[in-house]
Amino acid sequence: MRSPFVRWSVLSVSLALALTSCAKGTGGASAPAPSAGQFNPGATFDGTITVMGFGATDEIGSTRVELAEKALGGAEVKLVEGDLDIQQFLSSVAAGDPPDVIYANRDQIGTFASRGAIVPLTACIQGEQIDTSMYNKNALAQVTFGNEIWGIPEFNQVQITMANADLLKDAGLAIEDVNGSSWEKVTAAAKKLYKAPGGKLRVVGFDSKLPEFLPLWAKANGADLLSADGRTAQLNSPQVVQALEFAVGVYDAQGGFAKVKALRDSADFFGKGNQFASGELGAMPMEQWYVNVLNDVSPKAPLVFDTFRTQQGEPLAYSSGSSWAVPRGAKNPGAACRFAKTMTLVESWKAAAEARLAERKKENKPFTGVLTGNVKADEEIEKMLTSGGEPWDSGVKAFYEANDHTFSLPANPADSEFKTAWQDAVNRVLNGQEEPKEALDRAQQDAQAALDKAWASWTKRTN
Amino acid sequence: MRFIETRAALLFISPWLIGFLIFTAWPVINSAYLSLTDYDVINDPNFVGFDNYVTLFEDPKVGLALRNTFIYTVMSVPAQLIVSLGLALLLNSATKASGFFRTAFFLPKMTPPVAIGILLLMLFNGQSGLVNGFLGVFGIDGPAWTTDPDWIKPGLVLMNLWTVGSSVVIMLAALRGVPQELYDSALVDGAGWWKRTLRITVPMISPTLFFLFIVDSINALQSFTEAYTAFFGSGNTTYSNDAALFYAIYLFQQAFEFLHMGYASALAWLLFIVIMAITAVQMLVTRRFVHYEGGNP
């Protein structure tokens with residue numbers, strides 16, 4: 001005979017299991033794809049739309065959010081601030097309670113789309129009559145997956161060359177020696193510029209910004225890390241191997257990556273004591289937003305700027321940035337589409353730029369521009385720039401020029417694994433564990449396996 | 001009467017029992033099921049049998065992560081026990097302000113692990129870190145703690161000593177429980193400090209040492225936050241170091257970065273089995289060295 005304790009325990013366990021099994025999410029339940037009829041430029045919306053991953057923390061954001069709210073015709077916009085938490089987002093989709101809009105990096109869009117976490121925006125674009133020709137074609141390519149657009153491009157990022165003019169002058173060098181147009185000159189400049197009295201690195205001559213800028217160095221050498229269709233990894237192509245050997249060699253010429261990283265880690269990157277102001281860095285390629293940071297915190301730093309250049313002397317930049325997407329199961333896709341559209345309209349960007357310009361005037365500082373995923377907006381904003389004198393005007397000119405010479409990696413369903421594969425390879429080389437060719441061969445295998453698996457899942461899901 | 005008592009007991013423990021069933025038992029059972037599926041959080045799990053377990057044995061990163069974790073555990077657990085014991089012995093002999101020191105030793109334990117990960121990068125910076133600065137006083141050119149694969153784990157072990165406060169407090173309580181008459185008798189017999197510590201203190205607190213040995217080992221085998229923050233987290237968006245790839249970090253990457261929740265569940269079950277096996281071996285091997293005043297259980 002079973003004891004009452006056992007009987008009660010069995011009952012409790014059964015009850016709890018029964019209850020918890022009811023808590024299953026709606027994962028896999030296919031929500032109906034939005035139709036063009038749901039989207040109408042004349043429609044108004046009420047209630048609240050939730051935006052995840054975006055904080056209107058400055059005038060560029062808040063001005064456009066106000067305009068978007070007005071364009072909704074009554075609906076309130078609730079922002080869930082902070083970077084997009086992927087786990088939180090995916091869980092909300094699986095539970096059938098997603099936000100209405102998400103603000104995500106463009107390189108995440110392929111993964112979200114392939115797993116059915118977001119919906120294609122074809123109907124939204126048609127219904128709301130969004131003119132996609134106004135978007136940067138590389139930015140648009142990053143959010144195009146399986147012949148459909150899944151995201152609306154927002155900001156854009158490009159890289160330019162930044163250098164310490166005093167250090168260059170003292171070493172008898174010019175910006176042309178460090179802008180990438182000649183790799184021999186870059187290595188020679190790094191050797192001339194770096195200072196390591198007593199074996200302790202005090203000045204980094206040239207930081208090739210590995211691991212993150214491998215795609216830039218590879219493209220400058222004529223190679224893409226991923227095929228145009230996003231299906232084939234090209235990580236161990238001779239040009240990529242050569243690019244990695246060169247970029248790592250620049251560190252080796254200065255005593256090794258460990259020393260460069262240690263000095264990099266100890267720098268006050270966003271403060272007055274940044275590496276350029278303190279004379280601890282000769283030159284590096286860097287994203288354009290850092291010009292604004294430097295202008296803010298160290299306006300008197302001896303800087304000189306140029307575009308990053310290929311060995312043929314052509315400007316080159318890797319385009320990356322953010323985008324708006326609508327989750328599967330969003331309760332108000334119509335309002336979400338209107339919100340994304342309004343946030344990225346030329347007029348909205350212009351209004352935001354005017355607000356920034358006014359702020360900068362108040363602070364007696366120059367307006368150095370904003371790079372967006374909207375080429376027409378960029379043209380309009382460029383007209384509004386105010387001079388900050390040299391070197392800042394050259395910096396701004398360089399990033400607008402770079403913006404016209406961008407490339408991007410195509411959307412793919414295994415972006416995170418692909419990125420991890422090549423970054424791990426670069427890190428193994430930087431840490432002295434493997435040679436470039438060996439590391440990239442291994443990365444190629446890992447990346448291709450991940451891509452094959454992810455594309456196979458996508459094919460299975462869509463057939 | 002017995003039935004009424006049982007019912008009352010169940011009623012009183014039911015809040016915990018229900019919480020346990022919903023938030024622990026069910027996820028454990030569910031993860032066992034998910035480990036047999038291909039699951040990406042969004043779409044329904046797709047049953048794949050033991051494929052994930054087969055993949056485990058073919059994945060070189062599993063071996064690397066396990067090796068890293070074992071090496072770290074083997075270095076970290078003895079270091080923690082020795083430092084904790086040393087500090088507890090010091091505290092035990094302090095008469096004045098012992099309360100202050102107890103608090104001071106425990107305070108670092110309150111530091112969030114993420115902050116410890118960031119602190120590690122600063123303290124162990126090869127160029128300007130305090131640790132290499134200190135070594136430099138003695139003419140030693142310190143290593144590249146944060147990039148050299150050979151020094152990554154020793155750096156993490158040293159940094160982890162920052163949080164021995166709770167072990168110190170537990171050991172101190174054990175030390176206070178050692179009968180004074182044992183020391184008095186040893187003194188009469190002419191035993192010095194070292195002999196008294198080795199022959200009286202250590203055997204008398206061996207159950208506590210044993211407990212901390214087991215708990216610290218389990219914690220070390222599950223190490224995550226400090227290493228992740230320092231070498232894989234947002235502070236180092238693209239720089240990482242294979243030498244710090246602990247098993248829990250690899251599990252996290254598979255689950256939350258690559259969305260391979262089924263495979264991550266299989267990884268979790270393997271870790272569970274490994275920890276169970278190691279703990280069982282530890283208990284078997286070390287039990288004979290543990291002295292219980294009331295006799296061995």
# chains A, B, ... in the order shown; residues from 1 in each chain; ligands from 1

call {"tool": "residues_around", "arguments": {"residues": "stretch 58-74 of chain B", "least_positions_apart": "3", "cutoff": "6 Å", "atoms": "only C-alpha atoms", "output": "list in words"}}
result
Thr55, Val77, Ala220, Leu221, Leu245, Phe246 and Tyr247 of chain B

call {"tool": "interface_residues", "arguments": {"of": "chain B", "to": "chain A", "cutoff": "7 Å", "atoms": "only C-alpha atoms", "output": "list in words"}}
result
Phe3, Thr6, Ile18, Leu21, Ile22, Val41, Ile42, Asn43, Asp44, Asn125, Gly126, Gln127, Ala144, Thr147, Asp148, Pro149, Thr238, Tyr239, Ser240, Asn241, Phe256, Glu257 and Phe258 of chain B

call {"tool": "write_last_selection", "arguments": {"atoms": "N, CA, C and O atoms", "output": "JSON list (two decimals), in the first residue's frame"}}
result
[["chain", "number", "residue", "atom", "x", "y", "z"],
["B", 3, "PHE", "N", -1.61, 10.81, 8.68],
["B", 3, "PHE", "CA", -2.07, 11.37, 7.41],
["B", 3, "PHE", "C", -2.25, 12.89, 7.52],
["B", 3, "PHE", "O", -1.86, 13.65, 6.64],
["B", 6, "THR", "N", 1.11, 14.49, 7.55],
["B", 6, "THR", "CA", 1.71, 14.47, 6.21],
["B", 6, "THR", "C", 1.09, 15.56, 5.34],
["B", 6, "THR", "O", 1.77, 16.30, 4.64],
["B", 18, "ILE", "N", 6.00, 23.55, -5.47],
["B", 18, "ILE", "CA", 5.45, 23.98, -6.77],
["B", 18, "ILE", "C", 6.50, 24.78, -7.54],
["B", 18, "ILE", "O", 6.71, 24.58, -8.73],
["B", 21, "LEU", "N", 9.02, 22.40, -8.88],
["B", 21, "LEU", "CA", 8.55, 21.62, -10.02],
["B", 21, "LEU", "C", 8.48, 22.46, -11.29],
["B", 21, "LEU", "O", 8.88, 22.01, -12.37],
["B", 22, "ILE", "N", 8.03, 23.71, -11.12],
["B", 22, "ILE", "CA", 7.85, 24.55, -12.31],
["B", 22, "ILE", "C", 9.18, 25.12, -12.81],
["B", 22, "ILE", "O", 9.46, 25.10, -14.00],
["B", 41, "VAL", "N", 14.43, 28.04, -30.76],
["B", 41, "VAL", "CA", 13.64, 28.93, -29.89],
["B", 41, "VAL", "C", 12.34, 29.38, -30.56],
["B", 41, "VAL", "O", 11.30, 29.44, -29.94],
["B", 42, "ILE", "N", 12.41, 29.69, -31.87],
["B", 42, "ILE", "CA", 11.24, 30.23, -32.56],
["B", 42, "ILE", "C", 10.32, 29.13, -33.07],
["B", 42, "ILE", "O", 9.12, 29.16, -32.87],
["B", 43, "ASN", "N", 10.92, 28.16, -33.74],
["B", 43, "ASN", "CA", 10.10, 27.12, -34.39],
["B", 43, "ASN", "C", 9.99, 25.88, -33.52],
["B", 43, "ASN", "O", 10.79, 25.69, -32.60],
["B", 44, "ASP", "N", 9.03, 25.05, -33.82],
["B", 44, "ASP", "CA", 8.83, 23.84, -33.02],
["B", 44, "ASP", "C", 10.08, 22.95, -33.04],
["B", 44, "ASP", "O", 10.73, 22.84, -34.08],
["B", 125, "ASN", "N", 46.57, 44.09, -16.99],
["B", 125, "ASN", "CA", 47.02, 44.66, -18.26],
["B", 125, "ASN", "C", 48.54, 44.51, -18.36],
["B", 125, "ASN", "O", 49.27, 44.89, -17.45],
["B", 126, "GLY", "N", 48.99, 43.93, -19.47],
["B", 126, "GLY", "CA", 50.42, 43.64, -19.62],
["B", 126, "GLY", "C", 51.31, 44.87, -19.61],
["B", 126, "GLY", "O", 52.48, 44.78, -19.27],
["B", 127, "GLN", "N", 50.74, 46.02, -19.99],
["B", 127, "GLN", "CA", 51.54, 47.24, -20.07],
["B", 127, "GLN", "C", 51.44, 48.09, -18.81],
["B", 127, "GLN", "O", 52.44, 48.55, -18.28],
["B", 144, "ALA", "N", 51.97, 38.67, -20.61],
["B", 144, "ALA", "CA", 50.76, 39.28, -21.19],
["B", 144, "ALA", "C", 49.56, 38.46, -20.70],
["B", 144, "ALA", "O", 49.09, 37.57, -21.39],
["B", 147, "THR", "N", 46.33, 38.24, -23.05],
["B", 147, "THR", "CA", 46.36, 37.78, -24.45],
["B", 147, "THR", "C", 47.15, 36.48, -24.63],
["B", 147, "THR", "O", 46.84, 35.72, -25.55],
["B", 148, "ASP", "N", 48.15, 36.24, -23.80],
["B", 148, "ASP", "CA", 48.96, 35.04, -23.96],
["B", 148, "ASP", "C", 48.17, 33.82, -23.49],
["B", 148, "ASP", "O", 47.82, 33.72, -22.30],
["B", 149, "PRO", "N", 47.87, 32.87, -24.40],
["B", 149, "PRO", "CA", 47.04, 31.71, -24.00],
["B", 149, "PRO", "C", 47.59, 30.95, -22.79],
["B", 149, "PRO", "O", 46.82, 30.36, -22.04],
["B", 238, "THR", "N", 34.99, 41.87, -30.43],
["B", 238, "THR", "CA", 35.49, 40.92, -31.41],
["B", 238, "THR", "C", 36.73, 40.18, -30.94],
["B", 238, "THR", "O", 37.05, 39.14, -31.51],
["B", 239, "TYR", "N", 37.43, 40.71, -29.94],
["B", 239, "TYR", "CA", 38.60, 39.97, -29.46],
["B", 239, "TYR", "C", 38.14, 38.86, -28.52],
["B", 239, "TYR", "O", 37.28, 39.06, -27.67],
["B", 240, "SER", "N", 38.69, 37.68, -28.70],
["B", 240, "SER", "CA", 38.39, 36.60, -27.77],
["B", 240, "SER", "C", 39.63, 35.73, -27.67],
["B", 240, "SER", "O", 40.58, 35.91, -28.45],
["B", 241, "ASN", "N", 39.64, 34.84, -26.72],
["B", 241, "ASN", "CA", 40.81, 33.99, -26.57],
["B", 241, "ASN", "C", 40.36, 32.57, -26.27],
["B", 241, "ASN", "O", 39.66, 32.33, -25.28],
["B", 256, "PHE", "N", 22.48, 30.90, -27.02],
["B", 256, "PHE", "CA", 21.94, 32.25, -27.14],
["B", 256, "PHE", "C", 22.57, 33.10, -28.25],
["B", 256, "PHE", "O", 22.04, 34.16, -28.57],
["B", 257, "GLU", "N", 23.69, 32.66, -28.80],
["B", 257, "GLU", "CA", 24.25, 33.42, -29.92],
["B", 257, "GLU", "C", 23.93, 32.72, -31.24],
["B", 257, "GLU", "O", 23.58, 33.36, -32.22],
["B", 258, "PHE", "N", 24.06, 31.38, -31.24],
["B", 258, "PHE", "CA", 23.79, 30.65, -32.49],
["B", 258, "PHE", "C", 22.38, 30.06, -32.52],
["B", 258, "PHE", "O", 21.97, 29.49, -33.53]]

call {"tool": "atom_distance", "arguments": {"atom1": "atom CA of A:Val240", "atom2": "atom CA of A:Ala223"}}
result
6.3 Å

call {"tool": "closest_residue", "arguments": {"among": "A:Gln288, A:Gln445, A:Asn274, A:Gln254", "to": "A:Gly321", "atoms": "only C-alpha atoms"}}
result
A:Gln288

call {"tool": "residues_around", "arguments": {"residues": "A:Ser408", "least_positions_apart": "5", "cutoff": "7 Å", "atoms": "only C-alpha atoms", "output": "VMD selection string"}}
result
chain A and resid 138 142 318 to 320

call {"tool": "write_last_selection", "arguments": {"atoms": "all heavy atoms", "output": "short mmCIF file (atom, residue, chain, number, x, y, z; two decimals), in the first residue's frame"}}
result
data_model
loop_
_atom_site.label_atom_id
_atom_site.label_comp_id
_atom_site.auth_asym_id
_atom_site.auth_seq_id
_atom_site.Cartn_x
_atom_site.Cartn_y
_atom_site.Cartn_z
N ASN A 138 23.78 49.26 -50.56
CA ASN A 138 24.47 48.25 -49.74
C ASN A 138 23.69 47.97 -48.46
O ASN A 138 23.62 46.83 -48.00
CB ASN A 138 25.88 48.71 -49.38
CG ASN A 138 26.82 48.53 -50.54
OD1 ASN A 138 26.84 47.48 -51.18
ND2 ASN A 138 27.58 49.56 -50.86
N GLN A 142 21.87 44.36 -47.34
CA GLN A 142 22.08 43.67 -46.07
C GLN A 142 20.77 43.21 -45.43
O GLN A 142 20.79 42.33 -44.56
CB GLN A 142 22.80 44.59 -45.09
CG GLN A 142 24.30 44.66 -45.31
CD GLN A 142 24.96 45.51 -44.25
OE1 GLN A 142 24.65 46.69 -44.11
NE2 GLN A 142 25.85 44.91 -43.50
N TYR A 318 33.53 49.68 -45.34
CA TYR A 318 32.61 48.58 -45.10
C TYR A 318 31.35 49.17 -44.47
O TYR A 318 31.41 49.78 -43.42
CB TYR A 318 33.28 47.56 -44.17
CG TYR A 318 32.37 46.47 -43.66
CD1 TYR A 318 31.62 45.71 -44.53
CD2 TYR A 318 32.29 46.20 -42.30
CE1 TYR A 318 30.79 44.71 -44.06
CE2 TYR A 318 31.47 45.20 -41.81
CZ TYR A 318 30.72 44.46 -42.69
OH TYR A 318 29.90 43.47 -42.24
N SER A 319 30.23 49.00 -45.16
CA SER A 319 28.99 49.60 -44.67
C SER A 319 28.31 48.67 -43.66
O SER A 319 28.10 47.49 -43.92
CB SER A 319 28.06 49.83 -45.87
OG SER A 319 26.76 50.09 -45.44
N SER A 320 28.00 49.22 -42.51
CA SER A 320 27.23 48.44 -41.52
C SER A 320 26.28 49.41 -40.84
O SER A 320 26.35 50.61 -41.05
CB SER A 320 28.17 47.80 -40.49
OG SER A 320 28.87 48.81 -39.79
#

call {"tool": "residues_around", "arguments": {"residues": "B:Pro154", "least_positions_apart": "3", "cutoff": "9 Å", "atoms": "only C-alpha atoms", "output": "JSON, numbers by chain"}}
result
{"B": [72, 75, 76, 145, 150, 151, 157, 158, 159]}

call {"tool": "residues_around", "arguments": {"residues": "stretch 381-398 of chain A", "least_positions_apart": "5", "cutoff": "8 Å", "atoms": "only C-alpha atoms", "output": "ChimeraX atom specification"}}
result
/A:160,291,295,303-307,349-350,353-354,357,365-370

call {"tool": "closest_residue", "arguments": {"among": "B:Thr163, B:Ser31, B:Thr197, B:Ser128", "to": "B:Leu89", "atoms": "only C-alpha atoms"}}
result
B:Thr197

call {"tool": "closest_residue", "arguments": {"among": "B:Val131, B:Ile116, B:Asp189, B:Ile152", "to": "B:Asp242", "atoms": "only C-alpha atoms"}}
result
B:Ile152

call {"tool": "residues_around", "arguments": {"residues": "B:Phe105", "least_positions_apart": "4", "cutoff": "9 Å", "atoms": "only C-alpha atoms", "output": "list in words"}}
result
Leu87, Phe100, Phe101, Lys109, Trp162, Thr163, Val164, Gly165, Ser166, Val168 and Val169 of chain B

call {"tool": "atom_distance", "arguments": {"atom1": "atom CA of A:Lys300", "atom2": "atom CA of A:Gln275"}}
result
13.3 Å

call {"tool": "residues_around", "arguments": {"residues": "A:Gly151", "least_positions_apart": "2", "cutoff": "9 Å", "atoms": "only C-alpha atoms", "output": "list in words"}}
result
Ala104, Arg106, Ile109, Ile118, Val119, Pro120, Leu121, Leu140, Gln142, Val143, Thr144, Ile149, Pro153, Ser323, Trp324, Ala325, Val326 and Ala340 of chain A

call {"tool": "write_last_selection", "arguments": {"atoms": "all heavy atoms", "output": "compact mmCIF listing (two decimals), in the first residue's frame"}}
result
# COMPACT_ATOMS: atom_id res chain seq x y z
N ALA A 104 17.31 46.54 -35.02
CA ALA A 104 18.36 45.51 -35.00
C ALA A 104 19.50 45.89 -35.93
O ALA A 104 19.32 46.68 -36.86
CB ALA A 104 17.77 44.17 -35.44
N ARG A 106 21.82 45.37 -39.01
CA ARG A 106 21.43 44.82 -40.31
C ARG A 106 21.97 43.42 -40.52
O ARG A 106 21.36 42.60 -41.20
CB ARG A 106 21.90 45.77 -41.43
CG ARG A 106 21.16 47.09 -41.45
CD ARG A 106 21.25 47.75 -42.80
NE ARG A 106 22.57 48.26 -43.12
CZ ARG A 106 23.00 49.48 -42.82
NH1 ARG A 106 22.19 50.31 -42.18
NH2 ARG A 106 24.21 49.87 -43.17
N ILE A 109 19.58 40.55 -39.57
CA ILE A 109 18.30 40.40 -40.27
C ILE A 109 18.17 39.05 -40.97
O ILE A 109 17.13 38.39 -40.91
CB ILE A 109 18.09 41.58 -41.26
CG1 ILE A 109 17.92 42.90 -40.48
CG2 ILE A 109 16.89 41.34 -42.17
CD1 ILE A 109 16.72 42.97 -39.57
N ILE A 118 10.93 37.40 -38.00
CA ILE A 118 10.40 38.66 -38.52
C ILE A 118 9.65 38.38 -39.81
O ILE A 118 9.79 37.30 -40.38
CB ILE A 118 11.53 39.71 -38.75
CG1 ILE A 118 12.62 39.13 -39.67
CG2 ILE A 118 12.15 40.16 -37.44
CD1 ILE A 118 13.73 40.12 -40.02
N VAL A 119 8.89 39.38 -40.26
CA VAL A 119 8.10 39.16 -41.47
C VAL A 119 8.70 39.96 -42.63
O VAL A 119 9.31 41.02 -42.41
CB VAL A 119 6.62 39.57 -41.28
CG1 VAL A 119 5.95 38.67 -40.27
CG2 VAL A 119 6.49 41.03 -40.88
N PRO A 120 8.51 39.47 -43.86
CA PRO A 120 9.00 40.26 -45.00
C PRO A 120 8.21 41.57 -45.11
O PRO A 120 7.02 41.61 -44.76
CB PRO A 120 8.75 39.35 -46.20
CG PRO A 120 7.76 38.34 -45.75
CD PRO A 120 7.90 38.21 -44.27
N LEU A 121 8.88 42.61 -45.61
CA LEU A 121 8.22 43.92 -45.65
C LEU A 121 7.71 44.28 -47.05
O LEU A 121 7.40 45.44 -47.31
CB LEU A 121 9.19 44.99 -45.14
CG LEU A 121 9.66 44.81 -43.69
CD1 LEU A 121 10.58 45.95 -43.27
CD2 LEU A 121 8.48 44.72 -42.72
N LEU A 140 20.51 48.29 -48.14
CA LEU A 140 19.32 47.54 -48.53
C LEU A 140 19.67 46.07 -48.81
O LEU A 140 18.90 45.16 -48.47
CB LEU A 140 18.69 48.19 -49.77
CG LEU A 140 17.20 47.99 -49.98
CD1 LEU A 140 16.38 48.50 -48.80
CD2 LEU A 140 16.73 48.69 -51.25
N GLN A 142 21.87 44.36 -47.34
CA GLN A 142 22.08 43.67 -46.07
C GLN A 142 20.77 43.21 -45.43
O GLN A 142 20.79 42.33 -44.56
CB GLN A 142 22.80 44.59 -45.09
CG GLN A 142 24.30 44.66 -45.31
CD GLN A 142 24.96 45.51 -44.25
OE1 GLN A 142 24.65 46.69 -44.11
NE2 GLN A 142 25.85 44.91 -43.50
N VAL A 143 19.66 43.83 -45.83
CA VAL A 143 18.38 43.43 -45.24
C VAL A 143 17.49 42.72 -46.27
O VAL A 143 16.29 42.57 -46.07
CB VAL A 143 17.63 44.66 -44.64
CG1 VAL A 143 18.38 45.19 -43.44
CG2 VAL A 143 17.43 45.76 -45.68
N THR A 144 18.09 42.35 -47.38
CA THR A 144 17.36 41.61 -48.41
C THR A 144 17.77 40.15 -48.33
O THR A 144 18.95 39.81 -48.41
CB THR A 144 17.66 42.18 -49.82
OG1 THR A 144 17.34 43.56 -49.82
CG2 THR A 144 16.85 41.46 -50.89
N ILE A 149 12.64 42.09 -49.01
CA ILE A 149 13.23 43.04 -48.06
C ILE A 149 12.60 42.78 -46.69
O ILE A 149 11.38 42.72 -46.56
CB ILE A 149 12.97 44.49 -48.53
CG1 ILE A 149 13.71 44.75 -49.85
CG2 ILE A 149 13.41 45.50 -47.47
CD1 ILE A 149 13.38 46.07 -50.51
N PRO A 153 16.52 50.23 -43.64
CA PRO A 153 17.80 50.73 -43.13
C PRO A 153 17.66 52.04 -42.36
O PRO A 153 16.89 52.92 -42.75
CB PRO A 153 18.62 50.95 -44.40
CG PRO A 153 17.96 50.12 -45.45
CD PRO A 153 16.51 50.12 -45.11
N SER A 323 18.71 48.76 -38.56
CA SER A 323 17.51 48.73 -39.40
C SER A 323 16.28 48.47 -38.53
O SER A 323 16.40 48.06 -37.38
CB SER A 323 17.63 47.61 -40.44
OG SER A 323 17.77 46.38 -39.79
N TRP A 324 15.14 48.73 -39.12
CA TRP A 324 13.86 48.45 -38.46
C TRP A 324 13.26 47.18 -39.05
O TRP A 324 13.30 46.99 -40.27
CB TRP A 324 12.87 49.60 -38.68
CG TRP A 324 13.37 50.90 -38.12
CD1 TRP A 324 13.89 51.95 -38.82
CD2 TRP A 324 13.38 51.29 -36.75
NE1 TRP A 324 14.24 52.96 -37.97
CE2 TRP A 324 13.94 52.58 -36.69
CE3 TRP A 324 12.99 50.68 -35.56
CZ2 TRP A 324 14.11 53.27 -35.50
CZ3 TRP A 324 13.16 51.36 -34.37
CH2 TRP A 324 13.71 52.63 -34.34
N ALA A 325 12.69 46.33 -38.20
CA ALA A 325 12.03 45.12 -38.71
C ALA A 325 10.76 44.87 -37.90
O ALA A 325 10.63 45.33 -36.76
CB ALA A 325 12.98 43.94 -38.61
N VAL A 326 9.85 44.13 -38.51
CA VAL A 326 8.56 43.84 -37.86
C VAL A 326 8.52 42.35 -37.48
O VAL A 326 8.64 41.49 -38.34
CB VAL A 326 7.38 44.18 -38.80
CG1 VAL A 326 6.05 43.86 -38.12
CG2 VAL A 326 7.43 45.64 -39.22
N ALA A 340 8.37 52.68 -39.06
CA ALA A 340 9.67 52.46 -39.71
C ALA A 340 9.84 53.40 -40.89
O ALA A 340 10.91 53.97 -41.11
CB ALA A 340 9.79 51.01 -40.16

call {"tool": "select_by_dssp", "arguments": {"residues": "stretch 51-191 of chain B", "states": "alpha helix (DSSP H)", "output": "number ranges by chain"}}
result
B: 51-58, 60-93, 98-106, 113-123, 130-137, 149-160, 165-176, 180-188

call {"tool": "select_by_dssp", "arguments": {"residues": "stretch 144-387 of chain A", "states": "strand (DSSP E)", "output": "PyMOL selection string"}}
result
chain A and resi 144-145+148-149+152-157+159-164+204-206+281-287+303-307+317-318+320-325

call {"tool": "atom_distance", "arguments": {"atom1": "atom CA of A:Gly42", "atom2": "atom CA of A:Gly73"}}
result
9.7 Å
